[in-house]
>>> print(open('query_28.csv').read())   # CSV, C-alpha atoms
chain,number,residue,atom,x,y,z
A,1377,MET,CA,90.4,-39.3,119.5
A,1378,THR,CA,87.2,-37.7,118.3
A,1379,PRO,CA,86.8,-36.4,114.8
A,1380,ARG,CA,86.8,-32.8,116.0
A,1381,LYS,CA,90.2,-33.3,117.7
A,1382,LYS,CA,91.6,-35.0,114.6
A,1383,ARG,CA,90.5,-32.0,112.4
A,1384,LEU,CA,92.1,-29.6,114.9
A,1385,ALA,CA,95.3,-31.6,114.9
A,1386,LEU,CA,95.4,-31.6,111.1
A,1387,ILE,CA,94.7,-27.9,110.9
A,1388,LEU,CA,97.5,-27.1,113.5
A,1389,GLY,CA,99.9,-29.4,111.7
A,1390,GLY,CA,99.1,-27.7,108.4
A,1391,LEU,CA,99.6,-24.3,109.9
A,1392,ALA,CA,103.0,-25.4,111.4
A,1393,LEU,CA,104.1,-26.7,108.0
A,1394,LEU,CA,103.0,-23.5,106.3
A,1395,GLY,CA,104.8,-21.4,108.9
A,1396,GLY,CA,108.0,-23.4,108.4
A,1397,ALA,CA,107.8,-23.0,104.7
A,1398,VAL,CA,107.3,-19.2,105.0
A,1399,ALA,CA,110.2,-19.0,107.3
A,1400,LEU,CA,112.5,-20.8,104.9
A,1401,VAL,CA,111.4,-18.7,101.9
A,1402,LEU,CA,111.9,-15.4,103.9
A,1403,ASN,CA,115.4,-16.6,105.0
A,1404,ALA,CA,116.3,-17.5,101.4
A,1405,PHE,CA,115.0,-14.1,100.2
A,1406,GLN,CA,117.0,-12.2,102.8
A,1407,SER,CA,120.3,-14.1,102.1
A,1408,ASN,CA,119.9,-13.4,98.3
A,1409,LEU,CA,119.0,-9.7,98.7
A,1410,VAL,CA,121.6,-7.5,97.1
A,1411,PHE,CA,121.6,-3.8,97.8
A,1412,PHE,CA,123.1,-1.0,95.5
A,1413,PHE,CA,125.6,1.5,96.8
A,1414,THR,CA,127.6,4.3,95.2
A,1415,PRO,CA,131.2,5.2,95.8
A,1416,SER,CA,130.1,8.1,98.0
A,1417,GLN,CA,128.0,5.8,100.2
A,1418,ILE,CA,131.0,3.4,100.5
A,1419,ALA,CA,133.3,6.2,101.5
A,1420,ALA,CA,130.7,7.2,104.2
A,1421,LYS,CA,130.8,3.6,105.5
A,1422,GLU,CA,127.2,2.9,104.6
A,1423,ALA,CA,128.0,-0.3,102.7
A,1424,PRO,CA,128.2,-3.6,104.4
A,1425,VAL,CA,131.7,-5.0,104.8
A,1426,ASP,CA,130.8,-8.7,105.1
A,1427,ARG,CA,128.0,-9.0,102.6
A,1428,THR,CA,127.6,-9.0,98.8
A,1429,PHE,CA,126.3,-5.7,97.3
A,1430,ARG,CA,126.3,-3.9,94.0
A,1431,LEU,CA,128.6,-0.9,93.3
A,1432,GLY,CA,127.5,1.4,90.6
A,1433,GLY,CA,128.8,4.5,88.8
A,1434,LEU,CA,131.1,5.4,85.9
A,1435,VAL,CA,134.4,3.7,85.0
A,1436,GLU,CA,137.0,6.4,85.6
A,1437,LYS,CA,138.9,7.4,82.4
A,1438,GLY,CA,142.4,6.1,82.3
A,1439,SER,CA,141.9,3.7,85.2
A,1440,VAL,CA,141.6,0.4,83.5
A,1441,ARG,CA,144.6,-1.8,84.0
A,1442,ARG,CA,144.8,-5.4,82.8
A,1443,GLU,CA,147.0,-8.2,84.2
A,1444,GLY,CA,146.1,-11.3,82.3
A,1445,VAL,CA,142.5,-12.2,83.2
A,1446,THR,CA,142.6,-9.8,86.2
A,1447,VAL,CA,141.3,-6.3,85.6
A,1448,HIS,CA,141.7,-3.3,87.9
A,1449,PHE,CA,139.6,-0.2,87.4
A,1450,ILE,CA,138.1,2.6,89.4
A,1451,VAL,CA,134.3,3.3,89.7
A,1452,THR,CA,133.4,6.9,90.4
A,1453,ASP,CA,130.2,8.8,91.0
A,1454,THR,CA,132.1,12.0,90.0
A,1455,PHE,CA,132.6,12.8,93.7
A,1456,ARG,CA,134.2,9.7,95.3
A,1457,SER,CA,136.0,6.7,93.7
A,1458,VAL,CA,136.4,3.1,94.6
A,1459,PRO,CA,139.1,0.8,93.2
A,1460,VAL,CA,137.7,-2.5,91.8
A,1461,ARG,CA,139.4,-5.8,91.1
A,1462,TYR,CA,137.7,-8.3,88.8
A,1463,GLU,CA,138.9,-11.7,87.5
A,1464,GLY,CA,137.2,-12.8,84.3
A,1465,ILE,CA,136.1,-11.5,80.9
A,1466,LEU,CA,134.5,-8.1,80.9
A,1467,PRO,CA,131.3,-7.4,78.8
A,1468,ASP,CA,131.9,-6.0,75.3
A,1469,LEU,CA,130.2,-2.7,76.3
A,1470,PHE,CA,132.6,-2.1,79.2
A,1471,LYS,CA,134.5,1.1,78.5
A,1472,GLU,CA,136.1,4.0,80.3
A,1473,GLY,CA,133.7,6.8,81.0
A,1474,LYS,CA,130.6,4.6,80.7
A,1475,GLY,CA,128.2,3.3,83.3
A,1476,VAL,CA,128.9,0.0,85.1
A,1477,VAL,CA,127.5,-2.0,88.0
A,1478,ALA,CA,129.7,-4.5,89.7
A,1479,GLN,CA,128.5,-7.1,92.2
A,1480,GLY,CA,130.8,-8.4,94.9
A,1481,GLN,CA,132.2,-7.5,98.4
A,1482,LEU,CA,134.4,-4.8,99.8
A,1483,GLY,CA,137.8,-6.4,100.5
A,1484,ASP,CA,141.0,-5.4,102.2
A,1485,HIS,CA,142.2,-1.8,101.9
A,1486,GLY,CA,138.9,-0.6,100.5
A,1487,VAL,CA,139.3,-2.5,97.2
A,1488,PHE,CA,135.9,-3.9,95.8
A,1489,GLU,CA,136.3,-7.5,94.8
A,1490,ALA,CA,133.8,-8.0,92.0
A,1491,ARG,CA,132.4,-11.4,91.0
A,1492,GLU,CA,130.3,-10.0,88.3
A,1493,VAL,CA,130.5,-6.8,86.1
A,1494,LEU,CA,127.5,-5.5,84.1
A,1495,ALA,CA,127.8,-2.7,81.5
A,1496,LYS,CA,125.0,-0.6,80.3
A,1497,HIS,CA,123.5,-1.9,77.0
A,1498,ASP,CA,123.1,1.4,75.0
A,1499,GLU,CA,123.9,5.1,75.2
A,1500,ASN,CA,120.6,6.1,76.8
A,1501,TYR,CA,120.3,3.5,79.6
A,1502,MET,CA,121.6,3.6,83.1
A,1503,PRO,CA,120.1,1.9,86.1
A,1504,PRO,CA,117.8,4.3,87.8
A,1505,GLU,CA,119.8,4.0,91.1
A,1506,ALA,CA,123.1,4.8,89.3
A,1507,ALA,CA,121.6,7.8,87.5
A,1508,GLU,CA,120.1,9.2,90.7
A,1509,ALA,CA,123.4,8.6,92.6
A,1510,LEU,CA,125.4,10.4,89.9
A,1511,GLN,CA,123.0,13.4,90.0
A,1512,ARG,CA,123.3,13.6,93.9
A,1513,ALA,CA,127.1,13.4,93.7
A,1514,SER,CA,127.2,16.0,91.0
A,1515,ALA,CA,125.0,18.3,93.1
A,1516,ALA,CA,127.2,17.7,96.2
A,1517,ASN,CA,130.3,18.3,94.2
A,1518,ALA,CA,128.9,21.6,92.8
A,1519,ARG,CA,128.0,22.7,96.4
A,1520,LEU,CA,131.5,21.9,97.6
A,1521,ASN,CA,133.1,23.8,94.7
A,1522,ALA,CA,130.9,26.8,95.4
A,1523,ALA,CA,131.8,26.7,99.1
A,1524,GLN,CA,135.5,26.5,98.2
A,1525,LEU,CA,135.2,29.5,95.8
A,1526,LYS,CA,133.6,31.6,98.6
A,1527,GLU,CA,136.5,30.8,100.9
A,1528,ALA,CA,139.2,31.6,98.3
A,1529,PRO,CA,140.7,35.1,98.7
>>> encode(input="query_28.csv", output="structure tokens")
Amino acid sequence: MTPRKKRLALILGGLALLGGAVALVLNAFQSNLVFFFTPSQIAAKEAPVDRTFRLGGLVEKGSVRREGVTVHFIVTDTFRSVPVRYEGILPDLFKEGKGVVAQGQLGDHGVFEAREVLAKHDENYMPPEAAEALQRASAANARLNAAQLKEAP
């Protein structure tokens, strides 16, 4: 084998290893990618059924029910609501009427099975996606109410 062919073989081998490493990194990145959805998007069937994703919105007032370490509550975007089931200790800042982001999967009968629950850390902060989703839901709710008022006798 000539030195030129050896160099070419080394370069091709290095490129193959690099390509394999890039493929592994992209595969790991895709499997760990978690998207954010609102209750309205879940109701519209935009959320994946078999993958982990984040659900964000407000904890509906009067919806928190505790059964030992299992907590049931409802997350709303003021337009649609999704029931959530979580086993574990909730963050200290978790309260009714406050912002929350839960990570998990959509289970049977439309119940979101949360593996992790995050509460906002102060009065002024809400994840940008959640704030935008709440504004969109509020605008849609206002349009729906206006349309219902027009139809009323």
>>> residues_around(input="query_28.csv", residues="Val1487 in chain A", least_positions_apart="4", cutoff="12 Å", atoms="only C-alpha atoms", output="PyMOL selection string")
chain A and resi 1415+1418-1419+1425+1431+1448-1451+1457-1462+1480-1483
>>> atom_distance(input="query_28.csv", atom1="CA of Gly1433 in chain A", atom2="CA of Phe1405 in chain A")
25.8 Å
>>> atom_distance(input="query_28.csv", atom1="CA of Pro1504 in chain A", atom2="CA of Ala1420 in chain A")
21.1 Å
>>> atom_distance(input="query_28.csv", atom1="CA of Ile1465 in chain A", atom2="CA of Arg1491 in chain A")
10.8 Å
>>> closest_residue(input="query_28.csv", among="A:Gln1417, A:Gln1511, A:Thr1428, A:Thr1446", to="Gln1479 in chain A", atoms="all atoms listed in the file")
A:Thr1428
>>> closest_residue(input="query_28.csv", among="A:Gly1464, A:Ile1387, A:Phe1413, A:Lys1421", to="Glu1508 in chain A", atoms="all atoms listed in the file")
A:Phe1413
>>> closest_residue(input="query_28.csv", among="A:Asp1468, A:Gly1473, A:Arg1456, A:Ser1416", to="Ser1439 in chain A", atoms="only C-alpha atoms")
A:Gly1473
>>> build_atoms(input="query_28.csv", residues="range 1481-1498 of chain A", atoms="N, CA, C and O atoms", output="PDB file, keeping the file's coordinate frame")
ATOM      1  N   GLN A1481     132.065  -7.943  96.977  1.00  0.00           N
ATOM      2  CA  GLN A1481     132.200  -7.500  98.400  1.00  0.00           C
ATOM      3  C   GLN A1481     133.396  -6.579  98.495  1.00  0.00           C
ATOM      4  O   GLN A1481     134.338  -6.625  97.706  1.00  0.00           O
ATOM      5  N   LEU A1482     133.320  -5.752  99.515  1.00  0.00           N
ATOM      6  CA  LEU A1482     134.400  -4.800  99.800  1.00  0.00           C
ATOM      7  C   LEU A1482     135.503  -5.634 100.510  1.00  0.00           C
ATOM      8  O   LEU A1482     135.270  -6.287 101.522  1.00  0.00           O
ATOM      9  N   GLY A1483     136.696  -5.600  99.927  1.00  0.00           N
ATOM     10  CA  GLY A1483     137.800  -6.400 100.500  1.00  0.00           C
ATOM     11  C   GLY A1483     138.761  -5.543 101.270  1.00  0.00           C
ATOM     12  O   GLY A1483     138.438  -4.437 101.731  1.00  0.00           O
ATOM     13  N   ASP A1484     139.957  -6.080 101.417  1.00  0.00           N
ATOM     14  CA  ASP A1484     141.000  -5.400 102.200  1.00  0.00           C
ATOM     15  C   ASP A1484     141.389  -4.080 101.537  1.00  0.00           C
ATOM     16  O   ASP A1484     141.401  -3.943 100.320  1.00  0.00           O
ATOM     17  N   HIS A1485     141.720  -3.134 102.366  1.00  0.00           N
ATOM     18  CA  HIS A1485     142.200  -1.800 101.900  1.00  0.00           C
ATOM     19  C   HIS A1485     141.216  -1.070 101.057  1.00  0.00           C
ATOM     20  O   HIS A1485     141.612  -0.266 100.219  1.00  0.00           O
ATOM     21  N   GLY A1486     139.927  -1.358 101.188  1.00  0.00           N
ATOM     22  CA  GLY A1486     138.900  -0.600 100.500  1.00  0.00           C
ATOM     23  C   GLY A1486     138.772  -0.987  98.995  1.00  0.00           C
ATOM     24  O   GLY A1486     138.126  -0.281  98.228  1.00  0.00           O
ATOM     25  N   VAL A1487     139.365  -2.093  98.573  1.00  0.00           N
ATOM     26  CA  VAL A1487     139.300  -2.500  97.200  1.00  0.00           C
ATOM     27  C   VAL A1487     138.008  -3.416  97.054  1.00  0.00           C
ATOM     28  O   VAL A1487     137.808  -4.351  97.824  1.00  0.00           O
ATOM     29  N   PHE A1488     137.166  -3.101  96.075  1.00  0.00           N
ATOM     30  CA  PHE A1488     135.900  -3.900  95.800  1.00  0.00           C
ATOM     31  C   PHE A1488     136.302  -5.090  95.000  1.00  0.00           C
ATOM     32  O   PHE A1488     136.824  -4.973  93.890  1.00  0.00           O
ATOM     33  N   GLU A1489     136.055  -6.285  95.534  1.00  0.00           N
ATOM     34  CA  GLU A1489     136.300  -7.500  94.800  1.00  0.00           C
ATOM     35  C   GLU A1489     135.076  -7.958  94.100  1.00  0.00           C
ATOM     36  O   GLU A1489     134.149  -8.504  94.688  1.00  0.00           O
ATOM     37  N   ALA A1490     135.039  -7.693  92.793  1.00  0.00           N
ATOM     38  CA  ALA A1490     133.800  -8.000  92.000  1.00  0.00           C
ATOM     39  C   ALA A1490     133.822  -9.411  91.512  1.00  0.00           C
ATOM     40  O   ALA A1490     134.836  -9.958  91.100  1.00  0.00           O
ATOM     41  N   ARG A1491     132.646 -10.016  91.590  1.00  0.00           N
ATOM     42  CA  ARG A1491     132.400 -11.400  91.000  1.00  0.00           C
ATOM     43  C   ARG A1491     131.693 -11.284  89.713  1.00  0.00           C
ATOM     44  O   ARG A1491     131.702 -12.233  88.936  1.00  0.00           O
ATOM     45  N   GLU A1492     131.028 -10.149  89.495  1.00  0.00           N
ATOM     46  CA  GLU A1492     130.300 -10.000  88.300  1.00  0.00           C
ATOM     47  C   GLU A1492     130.294  -8.488  87.896  1.00  0.00           C
ATOM     48  O   GLU A1492     130.209  -7.624  88.755  1.00  0.00           O
ATOM     49  N   VAL A1493     130.457  -8.209  86.601  1.00  0.00           N
ATOM     50  CA  VAL A1493     130.500  -6.800  86.100  1.00  0.00           C
ATOM     51  C   VAL A1493     129.456  -6.710  84.995  1.00  0.00           C
ATOM     52  O   VAL A1493     129.460  -7.497  84.048  1.00  0.00           O
ATOM     53  N   LEU A1494     128.578  -5.724  85.129  1.00  0.00           N
ATOM     54  CA  LEU A1494     127.500  -5.500  84.100  1.00  0.00           C
ATOM     55  C   LEU A1494     127.772  -4.090  83.518  1.00  0.00           C
ATOM     56  O   LEU A1494     128.027  -3.132  84.247  1.00  0.00           O
ATOM     57  N   ALA A1495     127.681  -3.996  82.200  1.00  0.00           N
ATOM     58  CA  ALA A1495     127.800  -2.700  81.500  1.00  0.00           C
ATOM     59  C   ALA A1495     126.483  -2.316  80.947  1.00  0.00           C
ATOM     60  O   ALA A1495     125.665  -3.176  80.615  1.00  0.00           O
ATOM     61  N   LYS A1496     126.253  -1.026  80.818  1.00  0.00           N
ATOM     62  CA  LYS A1496     125.000  -0.600  80.300  1.00  0.00           C
ATOM     63  C   LYS A1496     124.861  -1.046  78.803  1.00  0.00           C
ATOM     64  O   LYS A1496     125.859  -1.178  78.108  1.00  0.00           O
ATOM     65  N   HIS A1497     123.638  -1.240  78.336  1.00  0.00           N
ATOM     66  CA  HIS A1497     123.500  -1.900  77.000  1.00  0.00           C
ATOM     67  C   HIS A1497     123.301  -0.881  75.880  1.00  0.00           C
ATOM     68  O   HIS A1497     123.329  -1.281  74.738  1.00  0.00           O
ATOM     69  N   ASP A1498     123.107   0.398  76.124  1.00  0.00           N
ATOM     70  CA  ASP A1498     123.100   1.400  75.000  1.00  0.00           C
ATOM     71  C   ASP A1498     123.425   2.753  75.601  1.00  0.00           C
ATOM     72  O   ASP A1498     123.624   2.924  76.781  1.00  0.00           O
TER      73      ASP A1498
END
